[in-house]
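Here's entry-v9.cif, which has mmCIF, C-alpha atoms:
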data_work
#
loop_
_atom_site.label_atom_id
_atom_site.label_comp_id
_atom_site.auth_asym_id
_atom_site.auth_seq_id
_atom_site.Cartn_x
_atom_site.Cartn_y
_atom_site.Cartn_z
CA MET A 1 79.87 199.14 106.35
CA ARG A 2 79.90 195.39 106.97
CA PRO A 3 76.68 193.37 106.45
CA PHE A 4 74.47 193.10 109.53
CA ALA A 5 74.73 189.27 109.50
CA GLU A 6 78.51 189.57 109.85
CA LEU A 7 78.15 191.92 112.81
CA VAL A 8 75.72 189.49 114.48
CA GLU A 9 78.14 186.57 114.03
CA TYR A 10 80.94 188.71 115.45
CA TRP A 11 78.77 189.62 118.42
CA PHE A 12 78.10 185.98 119.29
CA GLY A 13 81.76 185.01 119.04
CA GLU A 14 81.27 183.07 115.82
CA ARG A 15 83.89 185.18 114.03
CA GLU A 16 87.32 185.67 115.55
CA ASP A 17 88.61 187.97 112.85
CA GLU A 18 91.20 190.62 113.77
CA ALA A 19 90.77 192.47 110.47
CA LEU A 20 87.02 192.71 111.04
CA GLU A 21 87.60 194.01 114.56
CA GLU A 22 90.06 196.60 113.22
CA HIS A 23 87.41 197.72 110.72
CA LEU A 24 84.69 197.93 113.38
CA PHE A 25 86.81 200.16 115.57
CA GLY A 26 87.21 202.65 112.78
CA CYS A 27 83.65 202.47 111.42
CA ALA A 28 81.08 204.77 113.01
CA GLU A 29 78.18 203.16 111.11
CA CYS A 30 79.17 199.65 112.24
CA THR A 31 79.46 200.95 115.80
CA ALA A 32 75.94 202.33 115.57
CA ARG A 33 74.61 198.97 114.27
CA LEU A 34 76.43 197.06 117.01
CA GLU A 35 75.03 199.45 119.63
CA GLU A 36 71.59 198.75 118.24
CA LEU A 37 72.23 195.01 118.53
CA ALA A 38 73.54 195.37 122.09
CA ALA A 39 70.46 197.42 123.03
CA LEU A 40 68.13 194.83 121.46
CA GLY A 41 69.93 192.10 123.40
CA ALA A 42 69.63 194.01 126.66
CA GLY A 43 65.94 194.59 125.94
CA ILE A 44 65.32 190.91 125.22
CA ARG A 45 67.09 189.85 128.43
CA SER A 46 65.10 192.36 130.43
CA ALA A 47 61.75 191.43 128.83
CA PHE A 48 62.30 187.73 129.50
CA ARG A 49 63.56 188.27 133.05
CA ARG A 50 60.65 190.46 134.06
CA GLY A 51 58.20 187.88 132.71
CA ALA A 52 56.83 189.72 129.70
CA LEU A 53 57.39 186.84 127.24
CA HIS A 54 56.04 183.39 126.72
CA ALA A 55 58.40 180.95 125.08
CA VAL A 56 59.01 177.30 124.31
CA LEU A 57 62.54 176.53 125.43
CA PRO A 58 64.85 173.53 125.74
CA ARG A 59 65.47 171.60 128.94
CA ALA A 60 69.08 172.84 129.23
CA PHE A 61 67.83 176.42 129.32
CA VAL A 62 65.36 175.68 132.12
CA GLU A 63 68.13 173.94 134.07
CA ARG A 64 70.24 177.04 133.65
CA LEU A 65 67.46 179.20 135.12
CA GLU A 66 67.42 176.89 138.13
CA ARG A 67 71.19 177.16 138.49
CA GLU A 68 70.84 180.95 138.47
CA GLY A 69 68.74 180.53 141.60
CA LEU A 70 65.43 181.53 140.00
CA LYS A 71 62.29 180.07 141.49
CA LEU A 72 60.54 177.84 138.96
CA ARG A 73 57.15 176.26 139.56
CA GLN A 74 57.08 173.23 137.30
CA TYR A 75 54.22 171.03 136.20
CA ARG A 76 55.10 167.77 134.48
CA VAL A 77 51.97 166.55 132.71
CA ALA A 78 51.42 163.34 130.77
CA ALA A 79 49.11 163.25 127.76
CA GLY A 80 45.47 163.06 128.85
CA GLU A 81 46.21 164.39 132.35
CA SER A 82 44.85 167.43 134.12
CA VAL A 83 46.73 169.48 136.71
CA ASN A 84 45.77 172.24 139.16
CA CYS A 85 48.23 175.07 138.82
CA THR A 86 49.04 178.60 139.99
CA ILE A 87 51.76 181.21 140.17
CA THR A 88 52.73 182.82 143.48
CA GLY A 89 54.49 186.05 144.27
CA GLU A 90 57.71 184.16 144.90
CA ASP A 91 57.75 182.35 141.56
CA ASP A 92 59.94 183.74 138.81
CA PHE A 93 58.55 181.40 136.15
CA VAL A 94 56.06 178.60 135.65
CA VAL A 95 57.19 175.75 133.41
CA SER A 96 54.69 173.36 131.82
CA ARG A 97 56.46 170.14 130.85
CA LEU A 98 54.26 168.38 128.32
CA GLN A 99 55.26 164.73 128.02
CA ALA A 100 54.92 163.29 124.52
CA PRO A 101 56.53 160.74 122.21
CA LEU A 102 58.41 163.03 119.83
CA GLY A 103 60.46 160.48 117.88
CA GLY A 104 59.90 160.86 114.16
CA VAL A 105 58.03 164.13 114.55
CA ALA A 106 59.01 166.62 111.85
CA ARG A 107 57.01 169.66 112.92
CA LEU A 108 55.09 170.36 116.07
CA ASP A 109 52.23 172.78 116.69
CA LEU A 110 50.82 173.65 120.09
CA VAL A 111 47.13 174.57 120.20
CA LEU A 112 46.00 176.43 123.32
CA GLN A 113 42.35 177.02 124.17
CA ALA A 114 41.41 178.64 127.48
CA SER A 115 38.04 178.99 129.18
CA ASP A 116 38.49 182.76 129.52
CA GLY A 117 38.47 183.06 125.74
CA GLU A 118 42.22 183.16 125.03
CA ALA A 119 43.13 180.90 122.15
CA HIS A 120 46.39 180.55 120.23
CA THR A 121 48.02 178.13 117.91
CA LEU A 122 51.78 178.20 118.25
CA HIS A 123 53.07 176.96 114.93
CA ASP A 124 56.30 175.02 114.53
CA VAL A 125 57.44 175.12 118.15
CA PRO A 126 61.05 174.13 118.82
CA PHE A 127 61.61 170.70 120.38
CA ASP A 128 64.26 168.06 120.83
CA PRO A 129 62.90 164.71 119.53
CA ALA A 130 65.05 162.85 122.06
CA ALA A 131 63.75 164.85 125.04
CA GLY A 132 60.26 163.32 125.14
CA GLU A 133 58.79 166.57 126.39
CA VAL A 134 58.01 170.12 125.33
CA LEU A 135 58.76 172.86 127.84
CA VAL A 136 56.42 175.84 127.71
CA ILE A 137 57.08 178.95 129.78
CA PRO A 138 53.99 181.20 129.79
CA SER A 139 54.48 184.90 130.46
CA PRO A 140 54.40 185.27 134.28
CA GLU A 141 53.27 188.88 133.85
CA ARG A 142 50.29 187.73 131.79
CA LEU A 143 49.51 184.78 134.09
CA ARG A 144 49.36 187.06 137.10
CA ALA A 145 46.99 189.42 135.32
CA ARG A 146 44.47 186.67 134.49
CA GLY A 147 41.74 185.37 136.76
CA PRO A 148 40.96 181.66 137.13
CA PHE A 149 40.79 179.72 133.88
CA THR A 150 41.11 176.23 132.49
CA GLU A 151 43.35 175.79 129.47
CA ARG A 152 43.54 172.84 127.14
CA ALA A 153 46.87 172.42 125.39
CA ARG A 154 47.12 170.08 122.43
CA LEU A 155 50.38 168.97 120.82
CA VAL A 156 49.94 168.25 117.13
CA SER A 157 52.49 166.54 114.92
CA VAL A 158 52.35 167.98 111.42
CA GLY A 159 53.82 166.02 108.55
CA ALA A 160 53.39 165.10 104.92
CA GLY A 161 50.63 162.69 105.92
CA GLY A 162 48.63 165.41 107.69
CA ALA A 163 48.16 166.37 111.32
CA ARG A 164 48.15 163.90 114.23
CA ASP A 165 47.38 164.66 117.87
CA LEU A 166 50.15 163.60 120.25
CA GLY A 167 48.36 164.51 123.43
CA GLU A 168 46.03 166.86 125.26
CA TYR A 169 46.91 168.45 128.60
CA THR A 170 44.59 170.38 130.90
CA PHE A 171 45.71 173.16 133.22
CA VAL A 172 43.25 174.36 135.85
CA HIS A 173 44.71 177.68 136.87
CA LYS A 174 43.77 179.56 140.02
CA PRO A 175 45.45 182.80 141.06
CA SER A 176 47.23 182.44 144.42
CA MET B 1 86.84 216.32 112.05
CA GLU B 2 88.57 212.96 111.51
CA ASP B 3 89.68 210.86 114.49
CA ALA B 4 93.31 211.56 113.57
CA GLU B 5 92.79 215.34 113.62
CA LEU B 6 91.06 215.08 116.96
CA ALA B 7 93.93 213.03 118.35
CA ALA B 8 96.41 215.66 117.16
CA ALA B 9 94.29 218.39 118.81
CA VAL B 10 94.27 216.45 122.10
CA ALA B 11 98.06 216.26 121.91
CA ARG B 12 98.08 220.09 121.62
CA GLY B 13 96.02 220.36 124.82
CA ASP B 14 92.59 221.04 123.29
CA THR B 15 90.09 219.91 125.97
CA GLY B 16 87.13 220.22 123.59
CA ALA B 17 88.84 217.70 121.31
CA GLU B 18 89.31 215.37 124.30
CA ALA B 19 85.58 215.37 124.98
CA GLU B 20 84.78 214.72 121.32
CA LEU B 21 87.33 211.93 121.03
CA TYR B 22 85.88 210.33 124.14
CA ARG B 23 82.36 210.65 122.75
CA ARG B 24 83.42 208.87 119.56
CA LEU B 25 85.68 206.14 120.88
CA ALA B 26 84.17 205.24 124.25
CA PRO B 27 81.12 203.48 122.69
CA ARG B 28 83.45 201.37 120.53
CA VAL B 29 85.48 200.33 123.59
CA ARG B 30 82.28 199.59 125.49
CA LEU B 31 81.00 197.37 122.67
CA TYR B 32 84.36 195.61 122.51
CA GLY B 33 84.09 195.03 126.26
CA LEU B 34 80.53 193.71 126.03
CA ARG B 35 81.51 191.41 123.18
CA HIS B 36 84.56 189.96 124.92
CA LEU B 37 83.68 190.20 128.62
CA ARG B 38 79.89 189.67 128.44
CA ASP B 39 79.42 191.89 131.48
CA ARG B 40 78.31 195.50 131.40
CA HIS B 41 80.13 196.45 134.61
CA ALA B 42 83.37 194.97 133.31
CA ALA B 43 82.77 196.76 130.00
CA ALA B 44 82.34 200.06 131.86
CA ASP B 45 85.62 199.42 133.72
CA LEU B 46 87.29 198.75 130.40
CA VAL B 47 86.03 202.04 128.95
CA GLN B 48 87.37 204.00 131.90
CA HIS B 49 90.77 202.37 131.83
CA VAL B 50 91.31 202.47 128.06
CA MET B 51 90.05 206.00 127.52
CA MET B 52 91.92 207.48 130.47
CA THR B 53 95.14 205.81 129.37
CA THR B 54 94.63 206.95 125.78
CA LEU B 55 93.99 210.57 126.73
CA GLU B 56 96.96 210.62 129.10
CA ARG B 57 99.25 209.19 126.46
CA LEU B 58 98.03 211.67 123.85
CA ARG B 59 98.51 214.62 126.19
CA ALA B 60 102.01 213.43 127.04
CA GLY B 61 102.88 212.91 123.37
CA GLY B 62 103.20 209.19 124.03
CA VAL B 63 101.18 208.00 121.02
CA ARG B 64 103.60 207.51 118.15
CA GLU B 65 101.01 207.67 115.37
CA PRO B 66 98.01 209.79 116.41
CA GLY B 67 96.72 209.23 112.88
CA LYS B 68 96.05 205.63 113.86
CA ILE B 69 94.29 206.43 117.11
CA ALA B 70 91.49 203.89 116.51
CA SER B 71 94.08 201.11 116.14
CA PHE B 72 95.85 202.33 119.26
CA VAL B 73 92.60 202.19 121.24
CA LEU B 74 91.78 198.74 119.87
CA GLY B 75 95.24 197.48 120.86
CA MET B 76 94.83 198.95 124.33
CA SER B 77 91.36 197.35 124.60
CA ARG B 78 92.74 193.93 123.61
CA MET B 79 95.55 194.17 126.14
CA THR B 80 93.27 195.34 128.91
CA VAL B 81 90.71 192.60 128.27
CA LEU B 82 93.50 190.02 128.53
CA GLU B 83 94.55 191.55 131.83
CA MET B 84 90.98 191.75 133.10
CA ARG B 85 90.48 188.10 132.35
CA ARG B 86 93.38 187.32 134.65
CA GLY B 87 91.11 188.11 137.55
CA ALA B 88 88.92 190.52 139.41
CA ALA B 89 91.66 191.42 141.85
CA ARG B 90 93.93 192.50 139.05
CA ARG B 91 91.07 194.55 137.56
CA ALA B 92 90.58 196.34 140.86
CA ASP B 93 94.29 197.19 140.91
CA LEU B 94 94.10 198.65 137.42
CA LEU B 95 91.17 200.84 138.31
CA GLU B 96 92.83 202.00 141.50
CA LYS B 97 95.93 202.86 139.53
CA TRP B 98 94.31 204.63 136.60
CA VAL B 99 90.95 206.08 137.50
CA PRO B 100 92.03 208.53 140.25
CA ALA B 101 94.99 209.50 138.10
CA ALA B 102 92.75 211.00 135.45
CA ALA B 103 94.99 214.05 135.28
CA GLY B 104 92.99 216.44 137.37
CA MET B 105 89.62 215.53 135.91
CA THR B 106 86.57 215.49 138.18
CA ASP B 107 84.85 212.11 138.64
CA GLU B 108 82.19 213.15 136.17
CA GLU B 109 84.73 214.18 133.55
CA ALA B 110 86.75 211.03 134.12
CA ALA B 111 83.82 208.71 133.64
CA PRO B 112 81.05 210.40 131.69
CA GLU B 113 78.08 208.24 130.94
CA VAL B 114 78.53 206.45 127.64
CA GLU B 115 75.25 206.84 125.87
CA THR B 116 73.27 203.62 125.97
CA ARG B 117 70.32 203.20 123.72
CA VAL B 118 67.40 202.10 125.76
CA MET B 119 64.67 200.33 123.88
CA GLU B 120 61.10 201.07 124.79
CA GLU B 121 60.23 198.03 126.92
CA ALA B 122 56.56 197.55 126.16
CA ARG B 123 57.05 197.94 122.43
CA LEU B 124 59.99 195.55 122.44
CA ALA B 125 57.98 192.89 124.30
CA GLU B 126 55.11 193.35 121.85
CA CYS B 127 57.49 192.92 118.89
CA LEU B 128 58.98 189.80 120.48
CA GLN B 129 55.53 188.32 120.97
CA LYS B 130 54.80 188.81 117.26
CA LEU B 131 57.72 186.59 116.25
CA ALA B 132 57.27 182.95 115.27
CA GLU B 133 57.88 180.55 118.18
CA ARG B 134 61.24 179.35 116.89
CA GLU B 135 62.41 182.89 116.30
CA ARG B 136 61.56 183.98 119.83
CA SER B 137 63.14 180.84 121.31
CA VAL B 138 66.34 181.43 119.37
CA LEU B 139 66.54 185.09 120.43
CA VAL B 140 65.95 184.23 124.10
CA LEU B 141 68.57 181.49 123.93
CA SER B 142 71.00 183.78 122.12
CA PHE B 143 70.69 186.87 124.26
CA TYR B 144 69.48 185.65 127.66
CA GLY B 145 71.26 182.30 127.46
CA ASP B 146 74.28 183.89 125.73
CA LYS B 147 74.49 181.00 123.27
CA SER B 148 76.27 180.93 119.94
CA ALA B 149 74.53 179.35 116.95
CA ASP B 150 76.42 176.06 117.60
CA GLU B 151 75.34 175.94 121.25
CA ALA B 152 71.74 176.98 120.58
CA GLY B 153 71.60 174.41 117.77
CA ARG B 154 72.67 171.62 120.11
CA GLU B 155 69.95 172.55 122.61
CA LEU B 156 67.21 172.92 120.02
CA ALA B 157 68.26 169.97 117.85
CA LEU B 158 68.83 172.31 114.90
CA ALA B 159 71.81 172.74 112.60
CA PRO B 160 73.93 175.83 113.47
CA GLY B 161 73.33 177.22 109.98
CA ASN B 162 69.61 176.92 110.55
CA VAL B 163 69.91 178.77 113.88
CA ARG B 164 71.83 181.58 112.13
CA VAL B 165 69.09 181.91 109.51
CA ILE B 166 66.33 181.98 112.16
CA ARG B 167 68.30 184.43 114.32
CA HIS B 168 68.98 186.74 111.40
CA ARG B 169 65.35 186.70 110.26
CA ALA B 170 64.15 187.35 113.81
CA LEU B 171 66.54 190.27 114.29
CA GLU B 172 65.50 191.82 111.01
CA LYS B 173 61.84 191.49 112.02
CA MET B 174 62.64 193.08 115.39
CA ARG B 175 64.48 195.96 113.74
CA GLY B 176 61.54 196.51 111.43
CA CYS B 177 59.00 196.30 114.23
CA MET B 178 61.01 198.67 116.45
CA GLY B 179 61.40 201.14 113.60
CA LEU B 180 65.17 200.68 113.39
CA ALA B 181 65.45 199.31 109.87
#

Using the file provided, produce a representation of the structure as structure tokens.
Amino acid sequence: MRPFAELVEYWFGEREDEALEEHLFGCAECTARLEELAALGAGIRSAFRRGALHAVLPRAFVERLEREGLKLRQYRVAAGESVNCTITGEDDFVVSRLQAPLGGVARLDLVLQASDGEAHTLHDVPFDPAAGEVLVIPSPERLRARGPFTERARLVSVGAGGARDLGEYTFVHKPS
Amino acid sequence: MEDAELAAAVARGDTGAEAELYRRLAPRVRLYGLRHLRDRHAAADLVQHVMMTTLERLRAGGVREPGKIASFVLGMSRMTVLEMRRGAARRADLLEKWVPAAAGMTDEEAAPEVETRVMEEARLAECLQKLAERERSVLVLSFYGDKSADEAGRELALAPGNVRVIRHRALEKMRGCMGLA
């Protein structure tokens, strides 16, 4: 059986290898592993689409969601600002666009503290230093299940010299 | 029984061998279709066309080397994917030509459901939420966004090699969490 990493690279089109493909067609174990990968992929797509996940994603991905015709409620918030926000029955996703100077930032943490007691620190969130913003997509399923709350989000640059706040953002959420 | 023995049995008219050969090879064709066509409906069309053609050829003695049936099916899958890419209209023609001609089979026999593993949704979401942020982002980009490591790397400002490492680690964690490892 081929290593799992090789099967994953094949699956994403990173290996165009006829000999590998020939092997896969004759290998029941590899077929089972690929089926597992396909099922995981289908599960991930479904979980994201139905709103079960929160994620920090790049701008290009959010633009793609818009092109797919999904309804996005977006809040662009500058550091130090507060915004009233909600999610309606028609919204597929809510996108919080946290504006921040990201040049020279090596690692970024996002600290979330909500008035209803929910608190998380998202360590090492992905970001594009050139983008000047961090796009957070909270789980719509979870948002809809919560009552009103106020959440403070803090972007923290973490480097060799220690931690440095880049900005704090306040979301005053009311169910619609 | 080896694939080759099954293929020889199909050529002798053994219907039980046909069902077993289908059960073994259809998932491989489906995966090939998902990998190359990125569409589950197109992959299902591919399975129908390739498997019906293969069984017909075997029954008619039209497969020169039944011992290499997996290679035959792979070759047929490659050819069909090329044809399917030439357009939806052409694909409809192929189905019209081949599916009703499934040699007297009922609809159910001609297109039995290829077993699809369905992951338990709530557990999968819980496992995804346990991943590190970067890992979850990379998996969403990879599977929902259908991005290769190069493409995901460009969007996340990461090197493709780094994306592969994160993706691999995330998948292994998911397999462990889902009890698949």

Practice task
Compile the residues of chain B that lie within 8 Å of chain A, evaluated using all atoms listed in the file, and express the compilation as a VMD selection string.
Solution key: chain B and resid 27 to 28 31 35 70 to 71 74 116 to 119 121 124 to 125 128 to 129 132 to 134 136 to 137 139 to 149 155 to 157 168

Next, the residues of the selection above should be written as a compact mmCIF listing (two decimals), in the frame of the given file with C-alpha atoms.
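New file again_38.txt:
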# COMPACT_ATOMS: atom_id res chain seq x y z
CA PRO B 27 81.12 203.48 122.69
CA ARG B 28 83.45 201.37 120.53
CA LEU B 31 81.00 197.37 122.67
CA ARG B 35 81.51 191.41 123.18
CA ALA B 70 91.49 203.89 116.51
CA SER B 71 94.08 201.11 116.14
CA LEU B 74 91.78 198.74 119.87
CA THR B 116 73.27 203.62 125.97
CA ARG B 117 70.32 203.20 123.72
CA VAL B 118 67.40 202.10 125.76
CA MET B 119 64.67 200.33 123.88
CA GLU B 121 60.23 198.03 126.92
CA LEU B 124 59.99 195.55 122.44
CA ALA B 125 57.98 192.89 124.30
CA LEU B 128 58.98 189.80 120.48
CA GLN B 129 55.53 188.32 120.97
CA ALA B 132 57.27 182.95 115.27
CA GLU B 133 57.88 180.55 118.18
CA ARG B 134 61.24 179.35 116.89
CA ARG B 136 61.56 183.98 119.83
CA SER B 137 63.14 180.84 121.31
CA LEU B 139 66.54 185.09 120.43
CA VAL B 140 65.95 184.23 124.10
CA LEU B 141 68.57 181.49 123.93
CA SER B 142 71.00 183.78 122.12
CA PHE B 143 70.69 186.87 124.26
CA TYR B 144 69.48 185.65 127.66
CA GLY B 145 71.26 182.30 127.46
CA ASP B 146 74.28 183.89 125.73
CA LYS B 147 74.49 181.00 123.27
CA SER B 148 76.27 180.93 119.94
CA ALA B 149 74.53 179.35 116.95
CA GLU B 155 69.95 172.55 122.61
CA LEU B 156 67.21 172.92 120.02
CA ALA B 157 68.26 169.97 117.85
CA HIS B 168 68.98 186.74 111.40

Do you know which residues the PyMOL selection byres ((chain A and resi 114) around 12) returns on this file, as a CSV table (one decimal) with C-alpha atoms, in the frame of the given file?
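This went into selection-v1.csv:
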chain,number,residue,atom,x,y,z
A,111,VAL,CA,47.1,174.6,120.2
A,112,LEU,CA,46.0,176.4,123.3
A,113,GLN,CA,42.4,177.0,124.2
A,115,SER,CA,38.0,179.0,129.2
A,116,ASP,CA,38.5,182.8,129.5
A,117,GLY,CA,38.5,183.1,125.7
A,118,GLU,CA,42.2,183.2,125.0
A,119,ALA,CA,43.1,180.9,122.2
A,120,HIS,CA,46.4,180.6,120.2
A,121,THR,CA,48.0,178.1,117.9
A,146,ARG,CA,44.5,186.7,134.5
A,147,GLY,CA,41.7,185.4,136.8
A,148,PRO,CA,41.0,181.7,137.1
A,149,PHE,CA,40.8,179.7,133.9
A,150,THR,CA,41.1,176.2,132.5
A,151,GLU,CA,43.4,175.8,129.5
A,152,ARG,CA,43.5,172.8,127.1
A,153,ALA,CA,46.9,172.4,125.4
A,154,ARG,CA,47.1,170.1,122.4
A,169,TYR,CA,46.9,168.4,128.6
A,170,THR,CA,44.6,170.4,130.9
A,171,PHE,CA,45.7,173.2,133.2
A,172,VAL,CA,43.2,174.4,135.8
A,173,HIS,CA,44.7,177.7,136.9

Tell me which residues the PyMOL selection byres ((chain B and resi 55-62) around 9) grabs here, as a PDB file with C-alpha atoms, keeping the file's coordinate frame.
ATOM      1  CA  ALA B   7      93.930 213.030 118.350  1.00  0.00           C
ATOM      2  CA  ALA B   8      96.410 215.660 117.160  1.00  0.00           C
ATOM      3  CA  VAL B  10      94.270 216.450 122.100  1.00  0.00           C
ATOM      4  CA  ALA B  11      98.060 216.260 121.910  1.00  0.00           C
ATOM      5  CA  ARG B  12      98.080 220.090 121.620  1.00  0.00           C
ATOM      6  CA  GLY B  13      96.020 220.360 124.820  1.00  0.00           C
ATOM      7  CA  GLU B  18      89.310 215.370 124.300  1.00  0.00           C
ATOM      8  CA  LEU B  21      87.330 211.930 121.030  1.00  0.00           C
ATOM      9  CA  TYR B  22      85.880 210.330 124.140  1.00  0.00           C
ATOM     10  CA  VAL B  50      91.310 202.470 128.060  1.00  0.00           C
ATOM     11  CA  MET B  51      90.050 206.000 127.520  1.00  0.00           C
ATOM     12  CA  MET B  52      91.920 207.480 130.470  1.00  0.00           C
ATOM     13  CA  THR B  53      95.140 205.810 129.370  1.00  0.00           C
ATOM     14  CA  THR B  54      94.630 206.950 125.780  1.00  0.00           C
ATOM     15  CA  VAL B  63     101.180 208.000 121.020  1.00  0.00           C
ATOM     16  CA  ARG B  64     103.600 207.510 118.150  1.00  0.00           C
ATOM     17  CA  PRO B  66      98.010 209.790 116.410  1.00  0.00           C
ATOM     18  CA  ALA B 102      92.750 211.000 135.450  1.00  0.00           C
ATOM     19  CA  ALA B 103      94.990 214.050 135.280  1.00  0.00           C
TER      20      ALA B 103
END

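Considering the residues B:Arg85, B:Arg169, B:Lys68, B:Arg23 and counting only C-alpha atoms, Leu46 in chain B has its shortest atom-to-atom contact with B:Arg85.
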
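Put simply, CA of Ala145 in chain A is 10.7 Å away from CA of Ile87 in chain A.
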
Practice task
Using the chain letters and numbering of this document, enumerate as number ranges by chain the residues selected by the PyMOL selection byres ((chain A and resi 86) around 8).
Solution key: A: 84-85, 87-88, 173-176

Store the residues of this selection in a file with C-alpha atoms, as an mmCIF file, in the frame of the given file.
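Generated file (part22.cif):
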data_model
loop_
_atom_site.group_PDB
_atom_site.id
_atom_site.type_symbol
_atom_site.label_atom_id
_atom_site.label_comp_id
_atom_site.auth_asym_id
_atom_site.auth_seq_id
_atom_site.Cartn_x
_atom_site.Cartn_y
_atom_site.Cartn_z
ATOM 1 C CA ASN A 84 45.770 172.240 139.160
ATOM 2 C CA CYS A 85 48.230 175.070 138.820
ATOM 3 C CA ILE A 87 51.760 181.210 140.170
ATOM 4 C CA THR A 88 52.730 182.820 143.480
ATOM 5 C CA HIS A 173 44.710 177.680 136.870
ATOM 6 C CA LYS A 174 43.770 179.560 140.020
ATOM 7 C CA PRO A 175 45.450 182.800 141.060
ATOM 8 C CA SER A 176 47.230 182.440 144.420
#

Exercise for the section: Could you please determine the separation between CA of Ala26 in chain B and CA of Val47 in chain B in Å, to one decimal place? Expected result: 6.0 Å
